[in-house]
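Dumped my_file.cif below, it's mmCIF, N, CA and C atoms:
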```cif
data_work
#
loop_
_atom_site.label_atom_id
_atom_site.label_comp_id
_atom_site.auth_asym_id
_atom_site.auth_seq_id
_atom_site.Cartn_x
_atom_site.Cartn_y
_atom_site.Cartn_z
N MET A 834 7.84 85.94 145.93
CA MET A 834 8.67 86.50 144.90
C MET A 834 10.10 86.58 145.42
N PRO A 835 11.05 85.84 144.88
CA PRO A 835 12.41 85.93 145.36
C PRO A 835 12.96 87.34 145.15
N HIS A 836 13.96 87.70 145.95
CA HIS A 836 14.57 89.01 145.79
C HIS A 836 15.15 89.11 144.38
N THR A 837 14.75 90.14 143.66
CA THR A 837 15.16 90.33 142.27
C THR A 837 15.61 91.76 142.10
N SER A 838 15.98 92.10 140.87
CA SER A 838 16.35 93.49 140.60
C SER A 838 15.13 94.37 140.86
N THR A 839 15.39 95.63 141.14
CA THR A 839 14.30 96.56 141.43
C THR A 839 13.33 96.65 140.26
N LYS A 840 13.86 96.80 139.05
CA LYS A 840 13.00 96.94 137.88
C LYS A 840 12.13 95.70 137.69
N GLU A 841 12.75 94.53 137.76
CA GLU A 841 12.00 93.28 137.59
C GLU A 841 10.97 93.10 138.70
N GLY A 842 11.36 93.44 139.92
CA GLY A 842 10.44 93.32 141.05
C GLY A 842 9.24 94.23 140.91
N ILE A 843 9.47 95.46 140.47
CA ILE A 843 8.37 96.41 140.28
C ILE A 843 7.46 95.94 139.16
N GLU A 844 8.05 95.42 138.08
CA GLU A 844 7.23 94.91 136.97
C GLU A 844 6.33 93.77 137.43
N ARG A 845 6.88 92.85 138.22
CA ARG A 845 6.06 91.74 138.76
C ARG A 845 4.98 92.26 139.69
N PHE A 846 5.35 93.24 140.51
CA PHE A 846 4.39 93.85 141.42
C PHE A 846 3.23 94.46 140.65
N ILE A 847 3.53 95.27 139.65
CA ILE A 847 2.49 95.94 138.84
C ILE A 847 1.62 94.90 138.14
N ASP A 848 2.25 93.88 137.59
CA ASP A 848 1.50 92.81 136.91
C ASP A 848 0.54 92.13 137.87
N ARG A 849 1.01 91.80 139.07
CA ARG A 849 0.16 91.12 140.06
C ARG A 849 -0.99 92.03 140.50
N CYS A 850 -0.70 93.31 140.70
CA CYS A 850 -1.76 94.25 141.07
C CYS A 850 -2.84 94.29 140.01
N ARG A 851 -2.42 94.41 138.76
CA ARG A 851 -3.39 94.48 137.67
C ARG A 851 -4.20 93.20 137.56
N LYS A 852 -3.56 92.05 137.73
CA LYS A 852 -4.28 90.77 137.65
C LYS A 852 -5.32 90.62 138.74
N THR A 853 -5.08 91.24 139.89
CA THR A 853 -6.03 91.13 140.99
C THR A 853 -6.99 92.32 141.07
N GLY A 854 -6.86 93.27 140.12
CA GLY A 854 -7.76 94.41 140.08
C GLY A 854 -7.38 95.53 141.04
N LEU A 855 -6.17 95.49 141.60
CA LEU A 855 -5.73 96.55 142.50
C LEU A 855 -5.11 97.68 141.68
N LYS A 856 -5.61 98.88 141.87
CA LYS A 856 -5.11 100.04 141.14
C LYS A 856 -3.64 100.29 141.51
N VAL A 857 -2.82 100.53 140.50
CA VAL A 857 -1.40 100.83 140.71
C VAL A 857 -1.26 102.34 140.85
N THR A 858 -0.82 102.78 142.03
CA THR A 858 -0.65 104.21 142.29
C THR A 858 0.80 104.49 142.64
N PRO A 859 1.23 105.74 142.50
CA PRO A 859 2.60 106.09 142.88
C PRO A 859 2.91 105.76 144.35
N GLN A 860 1.93 105.97 145.24
CA GLN A 860 2.14 105.65 146.66
C GLN A 860 2.34 104.15 146.86
N ARG A 861 1.54 103.34 146.20
CA ARG A 861 1.68 101.88 146.35
C ARG A 861 3.02 101.41 145.81
N ILE A 862 3.43 101.96 144.68
CA ILE A 862 4.75 101.60 144.14
C ILE A 862 5.84 102.01 145.12
N ALA A 863 5.74 103.20 145.69
CA ALA A 863 6.75 103.68 146.63
C ALA A 863 6.81 102.79 147.88
N ILE A 864 5.66 102.37 148.38
CA ILE A 864 5.64 101.48 149.54
C ILE A 864 6.30 100.15 149.19
N TYR A 865 5.99 99.63 148.03
CA TYR A 865 6.59 98.37 147.61
C TYR A 865 8.11 98.52 147.44
N GLN A 866 8.55 99.66 146.92
CA GLN A 866 9.99 99.89 146.76
C GLN A 866 10.70 99.92 148.11
N VAL A 867 10.07 100.51 149.12
CA VAL A 867 10.65 100.50 150.47
C VAL A 867 10.81 99.06 150.95
N LEU A 868 9.79 98.26 150.73
CA LEU A 868 9.87 96.84 151.13
C LEU A 868 10.98 96.12 150.38
N MET A 869 11.07 96.35 149.08
CA MET A 869 12.09 95.66 148.28
C MET A 869 13.50 96.04 148.72
N ALA A 870 13.68 97.27 149.17
CA ALA A 870 15.00 97.75 149.56
C ALA A 870 15.46 97.18 150.90
N SER A 871 14.54 96.63 151.66
CA SER A 871 14.86 96.13 152.99
C SER A 871 14.95 94.62 153.00
N ARG A 872 15.98 94.10 153.62
CA ARG A 872 16.11 92.65 153.83
C ARG A 872 15.83 92.30 155.29
N LYS A 873 15.29 93.29 156.03
CA LYS A 873 15.09 93.12 157.47
C LYS A 873 13.66 92.80 157.86
N HIS A 874 12.80 92.50 156.89
CA HIS A 874 11.42 92.17 157.19
C HIS A 874 10.79 93.30 158.04
N PRO A 875 10.62 94.48 157.43
CA PRO A 875 10.18 95.64 158.20
C PRO A 875 8.73 95.55 158.67
N SER A 876 8.46 96.26 159.75
CA SER A 876 7.09 96.40 160.25
C SER A 876 6.42 97.55 159.51
N ALA A 877 5.12 97.69 159.71
CA ALA A 877 4.39 98.81 159.10
C ALA A 877 4.96 100.13 159.60
N ASP A 878 5.32 100.20 160.87
CA ASP A 878 5.88 101.43 161.43
C ASP A 878 7.21 101.79 160.76
N THR A 879 8.05 100.79 160.52
CA THR A 879 9.33 101.03 159.85
C THR A 879 9.11 101.55 158.43
N VAL A 880 8.18 100.92 157.72
CA VAL A 880 7.87 101.36 156.35
C VAL A 880 7.30 102.78 156.39
N TYR A 881 6.41 103.04 157.33
CA TYR A 881 5.81 104.38 157.45
C TYR A 881 6.89 105.44 157.69
N ARG A 882 7.82 105.18 158.62
CA ARG A 882 8.87 106.16 158.92
C ARG A 882 9.72 106.45 157.70
N GLU A 883 9.96 105.45 156.88
CA GLU A 883 10.74 105.67 155.66
C GLU A 883 9.90 106.42 154.62
N MET A 884 8.65 106.07 154.52
CA MET A 884 7.76 106.70 153.53
C MET A 884 7.54 108.19 153.82
N VAL A 885 7.38 108.52 155.09
CA VAL A 885 7.03 109.91 155.44
C VAL A 885 8.16 110.87 155.06
N ALA A 886 9.38 110.38 154.92
CA ALA A 886 10.50 111.23 154.50
C ALA A 886 10.30 111.74 153.07
N THR A 887 9.71 110.93 152.22
CA THR A 887 9.51 111.33 150.82
C THR A 887 8.05 111.65 150.50
N HIS A 888 7.15 111.19 151.33
CA HIS A 888 5.71 111.43 151.15
C HIS A 888 5.15 111.95 152.48
N PRO A 889 5.42 113.20 152.83
CA PRO A 889 5.08 113.70 154.17
C PRO A 889 3.60 113.69 154.53
N THR A 890 2.72 113.60 153.54
CA THR A 890 1.29 113.61 153.86
C THR A 890 0.71 112.21 154.02
N ILE A 891 1.50 111.19 153.82
CA ILE A 891 0.99 109.82 153.93
C ILE A 891 0.74 109.49 155.41
N SER A 892 -0.32 108.76 155.67
CA SER A 892 -0.64 108.41 157.06
C SER A 892 -0.18 106.98 157.37
N PHE A 893 0.00 106.73 158.65
CA PHE A 893 0.35 105.37 159.08
C PHE A 893 -0.75 104.40 158.66
N ASP A 894 -1.99 104.81 158.81
CA ASP A 894 -3.12 103.94 158.45
C ASP A 894 -3.07 103.55 156.97
N THR A 895 -2.72 104.49 156.11
CA THR A 895 -2.61 104.19 154.68
C THR A 895 -1.52 103.16 154.43
N VAL A 896 -0.37 103.35 155.05
CA VAL A 896 0.73 102.39 154.89
C VAL A 896 0.32 101.02 155.41
N ASN A 897 -0.26 100.97 156.59
CA ASN A 897 -0.65 99.69 157.19
C ASN A 897 -1.69 98.97 156.33
N ARG A 898 -2.74 99.68 155.91
CA ARG A 898 -3.78 99.06 155.08
C ARG A 898 -3.20 98.59 153.75
N THR A 899 -2.29 99.37 153.19
CA THR A 899 -1.66 99.00 151.92
C THR A 899 -0.85 97.72 152.08
N LEU A 900 -0.09 97.61 153.15
CA LEU A 900 0.70 96.40 153.40
C LEU A 900 -0.22 95.18 153.55
N LEU A 901 -1.31 95.34 154.26
CA LEU A 901 -2.25 94.22 154.43
C LEU A 901 -2.88 93.84 153.09
N THR A 902 -3.18 94.83 152.26
CA THR A 902 -3.71 94.56 150.92
C THR A 902 -2.68 93.81 150.08
N PHE A 903 -1.42 94.25 150.15
CA PHE A 903 -0.35 93.56 149.41
C PHE A 903 -0.27 92.09 149.84
N ALA A 904 -0.41 91.84 151.14
CA ALA A 904 -0.37 90.45 151.62
C ALA A 904 -1.57 89.67 151.10
N GLU A 905 -2.73 90.29 151.08
CA GLU A 905 -3.93 89.62 150.58
C GLU A 905 -3.80 89.20 149.12
N ILE A 906 -3.16 90.02 148.29
CA ILE A 906 -3.04 89.68 146.87
C ILE A 906 -1.78 88.86 146.58
N GLY A 907 -0.97 88.62 147.60
CA GLY A 907 0.16 87.71 147.45
C GLY A 907 1.46 88.30 146.93
N VAL A 908 1.61 89.63 146.96
CA VAL A 908 2.88 90.21 146.52
C VAL A 908 3.90 90.29 147.66
N ILE A 909 3.41 90.17 148.90
CA ILE A 909 4.27 90.07 150.06
C ILE A 909 3.67 89.03 151.00
N THR A 910 4.44 88.65 151.99
CA THR A 910 3.91 87.77 153.03
C THR A 910 4.12 88.43 154.39
N THR A 911 3.31 88.03 155.35
CA THR A 911 3.55 88.47 156.72
C THR A 911 4.50 87.45 157.34
N VAL A 912 5.30 87.95 158.26
CA VAL A 912 6.34 87.14 158.88
C VAL A 912 6.07 87.06 160.37
N GLU A 913 6.34 85.91 160.94
CA GLU A 913 6.19 85.71 162.37
C GLU A 913 7.10 86.65 163.13
N SER A 914 6.60 87.23 164.20
CA SER A 914 7.42 88.13 165.00
C SER A 914 7.00 88.06 166.45
N TYR A 915 7.97 88.05 167.34
CA TYR A 915 7.67 88.03 168.76
C TYR A 915 7.47 89.42 169.33
N SER A 916 7.75 90.44 168.52
CA SER A 916 7.66 91.81 169.01
C SER A 916 6.21 92.30 169.08
N GLY A 917 5.30 91.56 168.50
CA GLY A 917 3.90 91.97 168.49
C GLY A 917 3.51 92.71 167.23
N ALA A 918 4.47 93.31 166.54
CA ALA A 918 4.19 94.02 165.30
C ALA A 918 4.34 93.07 164.12
N ARG A 919 3.37 93.13 163.20
CA ARG A 919 3.52 92.33 161.97
C ARG A 919 4.75 92.78 161.23
N ARG A 920 5.43 91.84 160.63
CA ARG A 920 6.58 92.15 159.78
C ARG A 920 6.27 91.62 158.39
N PHE A 921 6.90 92.20 157.37
CA PHE A 921 6.56 91.89 156.00
C PHE A 921 7.79 91.50 155.19
N ASP A 922 7.55 90.68 154.15
CA ASP A 922 8.62 90.12 153.33
C ASP A 922 8.17 90.12 151.87
N THR A 923 9.00 90.67 150.98
CA THR A 923 8.67 90.63 149.55
C THR A 923 9.07 89.31 148.92
N ASP A 924 9.83 88.50 149.62
CA ASP A 924 10.25 87.20 149.08
C ASP A 924 9.14 86.19 149.37
N THR A 925 8.33 85.91 148.37
CA THR A 925 7.21 84.98 148.54
C THR A 925 7.57 83.56 148.11
N SER A 926 8.83 83.34 147.75
CA SER A 926 9.27 81.99 147.38
C SER A 926 9.36 81.14 148.65
N PRO A 927 9.32 79.81 148.49
CA PRO A 927 9.43 78.96 149.69
C PRO A 927 10.76 79.19 150.41
N HIS A 928 10.68 79.58 151.66
CA HIS A 928 11.86 79.73 152.50
C HIS A 928 11.40 79.75 153.96
N HIS A 929 12.36 79.73 154.84
CA HIS A 929 12.09 79.65 156.28
C HIS A 929 12.76 80.84 156.97
N HIS A 930 12.49 80.98 158.26
CA HIS A 930 13.05 82.11 159.00
C HIS A 930 13.70 81.65 160.30
N VAL A 931 14.78 82.32 160.64
CA VAL A 931 15.37 82.19 161.98
C VAL A 931 15.19 83.56 162.63
N HIS A 932 14.62 83.53 163.83
CA HIS A 932 14.21 84.76 164.49
C HIS A 932 14.94 84.88 165.83
N CYS A 933 15.69 85.98 165.99
CA CYS A 933 16.37 86.23 167.25
C CYS A 933 15.35 86.75 168.26
N VAL A 934 15.22 86.04 169.37
CA VAL A 934 14.23 86.40 170.38
C VAL A 934 14.68 87.58 171.24
N LYS A 935 15.94 88.01 171.09
CA LYS A 935 16.42 89.16 171.85
C LYS A 935 16.28 90.46 171.07
N CYS A 936 16.82 90.51 169.84
CA CYS A 936 16.81 91.76 169.07
C CYS A 936 15.72 91.78 167.99
N ASN A 937 15.01 90.68 167.82
CA ASN A 937 13.92 90.54 166.85
C ASN A 937 14.38 90.49 165.40
N ARG A 938 15.66 90.33 165.17
CA ARG A 938 16.15 90.17 163.79
C ARG A 938 15.57 88.90 163.19
N ILE A 939 15.13 88.99 161.95
CA ILE A 939 14.60 87.83 161.23
C ILE A 939 15.45 87.63 159.99
N SER A 940 15.96 86.43 159.82
CA SER A 940 16.79 86.10 158.67
C SER A 940 16.15 84.96 157.89
N ASP A 941 16.29 85.03 156.57
CA ASP A 941 15.78 83.98 155.69
C ASP A 941 16.79 82.84 155.58
N PHE A 942 16.27 81.64 155.40
CA PHE A 942 17.12 80.52 155.01
C PHE A 942 16.29 79.53 154.22
N THR A 943 16.95 78.76 153.39
CA THR A 943 16.27 77.70 152.64
C THR A 943 16.87 76.37 153.04
N GLU A 944 16.04 75.40 153.08
CA GLU A 944 16.45 74.02 153.36
C GLU A 944 15.41 73.11 152.72
N PRO A 945 15.73 72.56 151.55
CA PRO A 945 14.75 71.75 150.82
C PRO A 945 14.14 70.62 151.65
N ARG A 946 14.89 70.04 152.56
CA ARG A 946 14.33 68.95 153.38
C ARG A 946 13.16 69.43 154.23
N LEU A 947 13.20 70.68 154.66
CA LEU A 947 12.10 71.22 155.46
C LEU A 947 10.86 71.46 154.61
N ASP A 948 11.06 71.71 153.32
CA ASP A 948 9.93 71.92 152.42
C ASP A 948 9.15 70.62 152.21
N GLU A 949 9.79 69.50 152.49
CA GLU A 949 9.19 68.19 152.25
C GLU A 949 8.63 67.53 153.51
N VAL A 950 8.63 68.24 154.63
CA VAL A 950 8.12 67.67 155.88
C VAL A 950 6.66 67.30 155.70
N GLU A 951 6.35 66.04 156.00
CA GLU A 951 4.98 65.57 155.87
C GLU A 951 4.17 65.99 157.09
N LEU A 952 3.06 66.63 156.84
CA LEU A 952 2.20 67.10 157.92
C LEU A 952 1.33 65.97 158.44
N PRO A 953 0.95 66.03 159.71
CA PRO A 953 0.07 65.00 160.27
C PRO A 953 -1.26 64.94 159.52
N GLU A 954 -1.81 63.75 159.44
CA GLU A 954 -3.05 63.54 158.69
C GLU A 954 -4.21 64.36 159.24
N TRP A 955 -4.25 64.57 160.56
CA TRP A 955 -5.35 65.35 161.10
C TRP A 955 -5.33 66.79 160.57
N ILE A 956 -4.14 67.31 160.26
CA ILE A 956 -4.06 68.66 159.70
C ILE A 956 -4.53 68.64 158.25
N THR A 957 -3.96 67.74 157.45
CA THR A 957 -4.32 67.70 156.02
C THR A 957 -5.77 67.25 155.83
N GLY A 958 -6.30 66.52 156.79
CA GLY A 958 -7.69 66.09 156.69
C GLY A 958 -8.69 67.17 157.07
N GLU A 959 -8.30 68.06 157.97
CA GLU A 959 -9.21 69.09 158.45
C GLU A 959 -8.99 70.46 157.79
N PHE A 960 -7.79 70.69 157.30
CA PHE A 960 -7.44 72.01 156.77
C PHE A 960 -7.03 71.92 155.32
N GLU A 961 -7.22 73.01 154.60
CA GLU A 961 -6.68 73.13 153.25
C GLU A 961 -5.33 73.83 153.41
N VAL A 962 -4.27 73.06 153.36
CA VAL A 962 -2.93 73.60 153.58
C VAL A 962 -2.50 74.36 152.32
N ILE A 963 -2.12 75.63 152.51
CA ILE A 963 -1.71 76.45 151.37
C ILE A 963 -0.21 76.74 151.41
N GLY A 964 0.47 76.32 152.43
CA GLY A 964 1.91 76.51 152.53
C GLY A 964 2.38 76.13 153.91
N GLN A 965 3.68 75.96 154.02
CA GLN A 965 4.25 75.71 155.34
C GLN A 965 5.62 76.34 155.40
N ARG A 966 5.94 76.83 156.59
CA ARG A 966 7.20 77.53 156.79
C ARG A 966 7.66 77.26 158.21
N MET A 967 8.94 77.00 158.36
CA MET A 967 9.48 76.78 159.69
C MET A 967 10.05 78.09 160.21
N VAL A 968 9.84 78.31 161.51
CA VAL A 968 10.44 79.45 162.18
C VAL A 968 11.31 78.89 163.30
N VAL A 969 12.59 79.21 163.25
CA VAL A 969 13.52 78.78 164.28
C VAL A 969 13.71 79.95 165.24
N SER A 970 13.42 79.73 166.51
CA SER A 970 13.66 80.74 167.54
C SER A 970 15.08 80.54 168.04
N ALA A 971 15.85 81.64 168.07
CA ALA A 971 17.25 81.53 168.43
C ALA A 971 17.73 82.85 169.01
N ILE A 972 19.00 82.87 169.37
CA ILE A 972 19.67 84.11 169.77
C ILE A 972 20.80 84.30 168.77
N CYS A 973 20.78 85.44 168.07
CA CYS A 973 21.76 85.67 167.01
C CYS A 973 23.17 85.85 167.59
N PRO A 974 24.18 85.70 166.75
CA PRO A 974 25.56 85.85 167.23
C PRO A 974 25.84 87.20 167.88
N ALA A 975 25.27 88.27 167.33
CA ALA A 975 25.52 89.60 167.92
C ALA A 975 24.95 89.69 169.34
N CYS A 976 23.79 89.10 169.57
CA CYS A 976 23.19 89.13 170.91
C CYS A 976 23.94 88.21 171.87
N VAL A 977 24.43 87.08 171.38
CA VAL A 977 25.19 86.16 172.22
C VAL A 977 26.45 86.84 172.74
N THR A 978 27.12 87.59 171.86
CA THR A 978 28.38 88.24 172.24
C THR A 978 28.16 89.62 172.84
N GLY A 979 26.93 90.11 172.79
CA GLY A 979 26.62 91.43 173.32
C GLY A 979 26.99 92.56 172.40
N ARG A 980 27.20 92.26 171.11
CA ARG A 980 27.58 93.29 170.13
C ARG A 980 26.44 93.52 169.15
N GLU A 981 25.32 94.03 169.63
CA GLU A 981 24.16 94.26 168.77
C GLU A 981 24.43 95.29 167.80
#
```

For the structure just supplied, provide its representation as structure tokens.
Amino acid sequence: MPHTSTKEGIERFIDRCRKTGLKVTPQRIAIYQVLMASRKHPSADTVYREMVATHPTISFDTVNRTLLTFAEIGVITTVESYSGARRFDTDTSPHHHVHCVKCNRISDFTEPRLDEVELPEWITGEFEVIGQRMVVSAICPACVTGRE
């Protein structure tokens, strides 16, 4: 789902939940809103820390399980991360990531030529390919200059 207005994003989220039989609850909407507000591909811990400010009784386990459920039904995707923690993205449209190996910042980019990369026959012959995404490992400008 490309980044959209909050109202439109929530409507799509609710629609997708209902189509997959996932109950729409105030907590789930709030978790999704935290994700939509972030362009930094937050981890479950980051989402939890933001959620606990407005929902003090919510547990980390609830946030983590909810994020994994959202990924299962396709309203978010998991993002590659070298930090060991899963990161999440509400933009499910085709795009790629550049990942700073020093500060773990993940940025989106699109490049249509990369969407058309032909996969080796042994992959397409053995696997049911459901998508492909390139991850560029790099050092961001702030880390290069030491101004994180």

So which residues get picked by the PyMOL selection byres (((chain A and resi 876 and name CA) around 12) and name CA) here, written as a PyMOL selection string?
chain A and resi 864+867-868+871-875+877-883+893+896-897+900-901+910-922+937-939

Kindly save the residues from that selection, with N, CA and C atoms included, as a compact mmCIF listing (two decimals), keeping the file's coordinate frame.
```
# COMPACT_ATOMS: atom_id res chain seq x y z
N ILE A 864 5.66 102.37 148.38
CA ILE A 864 5.64 101.48 149.54
C ILE A 864 6.30 100.15 149.19
N VAL A 867 10.07 100.51 149.12
CA VAL A 867 10.65 100.50 150.47
C VAL A 867 10.81 99.06 150.95
N LEU A 868 9.79 98.26 150.73
CA LEU A 868 9.87 96.84 151.13
C LEU A 868 10.98 96.12 150.38
N SER A 871 14.54 96.63 151.66
CA SER A 871 14.86 96.13 152.99
C SER A 871 14.95 94.62 153.00
N ARG A 872 15.98 94.10 153.62
CA ARG A 872 16.11 92.65 153.83
C ARG A 872 15.83 92.30 155.29
N LYS A 873 15.29 93.29 156.03
CA LYS A 873 15.09 93.12 157.47
C LYS A 873 13.66 92.80 157.86
N HIS A 874 12.80 92.50 156.89
CA HIS A 874 11.42 92.17 157.19
C HIS A 874 10.79 93.30 158.04
N PRO A 875 10.62 94.48 157.43
CA PRO A 875 10.18 95.64 158.20
C PRO A 875 8.73 95.55 158.67
N ALA A 877 5.12 97.69 159.71
CA ALA A 877 4.39 98.81 159.10
C ALA A 877 4.96 100.13 159.60
N ASP A 878 5.32 100.20 160.87
CA ASP A 878 5.88 101.43 161.43
C ASP A 878 7.21 101.79 160.76
N THR A 879 8.05 100.79 160.52
CA THR A 879 9.33 101.03 159.85
C THR A 879 9.11 101.55 158.43
N VAL A 880 8.18 100.92 157.72
CA VAL A 880 7.87 101.36 156.35
C VAL A 880 7.30 102.78 156.39
N TYR A 881 6.41 103.04 157.33
CA TYR A 881 5.81 104.38 157.45
C TYR A 881 6.89 105.44 157.69
N ARG A 882 7.82 105.18 158.62
CA ARG A 882 8.87 106.16 158.92
C ARG A 882 9.72 106.45 157.70
N GLU A 883 9.96 105.45 156.88
CA GLU A 883 10.74 105.67 155.66
C GLU A 883 9.90 106.42 154.62
N PHE A 893 0.00 106.73 158.65
CA PHE A 893 0.35 105.37 159.08
C PHE A 893 -0.75 104.40 158.66
N VAL A 896 -0.37 103.35 155.05
CA VAL A 896 0.73 102.39 154.89
C VAL A 896 0.32 101.02 155.41
N ASN A 897 -0.26 100.97 156.59
CA ASN A 897 -0.65 99.69 157.19
C ASN A 897 -1.69 98.97 156.33
N LEU A 900 -0.09 97.61 153.15
CA LEU A 900 0.70 96.40 153.40
C LEU A 900 -0.22 95.18 153.55
N LEU A 901 -1.31 95.34 154.26
CA LEU A 901 -2.25 94.22 154.43
C LEU A 901 -2.88 93.84 153.09
N THR A 910 4.44 88.65 151.99
CA THR A 910 3.91 87.77 153.03
C THR A 910 4.12 88.43 154.39
N THR A 911 3.31 88.03 155.35
CA THR A 911 3.55 88.47 156.72
C THR A 911 4.50 87.45 157.34
N VAL A 912 5.30 87.95 158.26
CA VAL A 912 6.34 87.14 158.88
C VAL A 912 6.07 87.06 160.37
N GLU A 913 6.34 85.91 160.94
CA GLU A 913 6.19 85.71 162.37
C GLU A 913 7.10 86.65 163.13
N SER A 914 6.60 87.23 164.20
CA SER A 914 7.42 88.13 165.00
C SER A 914 7.00 88.06 166.45
N TYR A 915 7.97 88.05 167.34
CA TYR A 915 7.67 88.03 168.76
C TYR A 915 7.47 89.42 169.33
N SER A 916 7.75 90.44 168.52
CA SER A 916 7.66 91.81 169.01
C SER A 916 6.21 92.30 169.08
N GLY A 917 5.30 91.56 168.50
CA GLY A 917 3.90 91.97 168.49
C GLY A 917 3.51 92.71 167.23
N ALA A 918 4.47 93.31 166.54
CA ALA A 918 4.19 94.02 165.30
C ALA A 918 4.34 93.07 164.12
N ARG A 919 3.37 93.13 163.20
CA ARG A 919 3.52 92.33 161.97
C ARG A 919 4.75 92.78 161.23
N ARG A 920 5.43 91.84 160.63
CA ARG A 920 6.58 92.15 159.78
C ARG A 920 6.27 91.62 158.39
N PHE A 921 6.90 92.20 157.37
CA PHE A 921 6.56 91.89 156.00
C PHE A 921 7.79 91.50 155.19
N ASP A 922 7.55 90.68 154.15
CA ASP A 922 8.62 90.12 153.33
C ASP A 922 8.17 90.12 151.87
N ASN A 937 15.01 90.68 167.82
CA ASN A 937 13.92 90.54 166.85
C ASN A 937 14.38 90.49 165.40
N ARG A 938 15.66 90.33 165.17
CA ARG A 938 16.15 90.17 163.79
C ARG A 938 15.57 88.90 163.19
N ILE A 939 15.13 88.99 161.95
CA ILE A 939 14.60 87.83 161.23
C ILE A 939 15.45 87.63 159.99
```

Residues within 8 Å of segment 946-948 of chain A, only N, CA and C atoms, excluding chain neighbours under 6 positions, as a PyMOL selection string
chain A and resi 927-928+965-967

Find the residue from A:Val931, A:Val950, A:Ala904, A:Cys936 that sits nearest to Val968 of chain A; use all atoms listed in the file when measuring.
A:Val931

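Comparing the minimum interatomic distances between Val857 of chain A and each of A:Thr899, A:Thr925, A:Ser970, A:Thr887, counting only C-alpha atoms, we find that A:Thr899 sits nearest.
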
Strand (DSSP E or B) residues, from DSSP on the backbone, in chain A, as a VMD selection string:
chain A and resid 876 910 to 912 920 to 922 929 to 933 939 to 942 968 to 971

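Closest approach to Gln866 of chain A from the set A:Glu954, A:Gly964, A:Thr839, A:Thr890 is made by A:Thr839, with distances taken over all atoms listed in the file.
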
Kindly give the distance, in Å, that separates atom CA of His888 of chain A and atom CA of Ile862 of chain A, rounded to a single decimal.
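Value for the atom CA of His888 of chain A-atom CA of Ile862 of chain A distance: 12.1 Å.
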
Using only C-alpha atoms, which residue out of A:Gln860, A:Ile956, A:Thr902, A:Met869 lies closest to Ser838 of chain A?
A:Met869

Selected residue, from A:Ala971, A:Val908, A:Val962, A:Ala886, that lies nearest to Ile847 of chain A when counting only C-alpha atoms
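Among the listed residues, A:Val908 lies closest to Ile847 of chain A.
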
Gap from atom CA of Phe903 of chain A to atom CA of Leu855 of chain A - Å, one decimal
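Interatomic distance, atom CA of Phe903 of chain A to atom CA of Leu855 of chain A: 9.3 Å.
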
Nearest-residue call for Cys850 of chain A, choices A:Met884, A:Ile909, A:Ser892, A:Arg980, using only C-alpha atoms:
A:Ile909

Using the chain letters and numbers from the file, give me the residues hit by the PyMOL selection byres (((chain A and resi 943 and name CA) around 8) and name CA), as an NGL selection string.
:A and (927-929 or 941-942 or 944-945)

One number please: atom CA of Pro889 of chain A to atom CA of Ala870 of chain A, in Å, one decimal.
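For atom CA of Pro889 of chain A relative to atom CA of Ala870 of chain A, the distance reads 19.3 Å.
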
Just asking: which residues within chain A are alpha helix (DSSP H) according to DSSP, as a PyMOL selection string?
chain A and resi 839-853+859-870+877-887+893-906+945-948+954-959+974-978
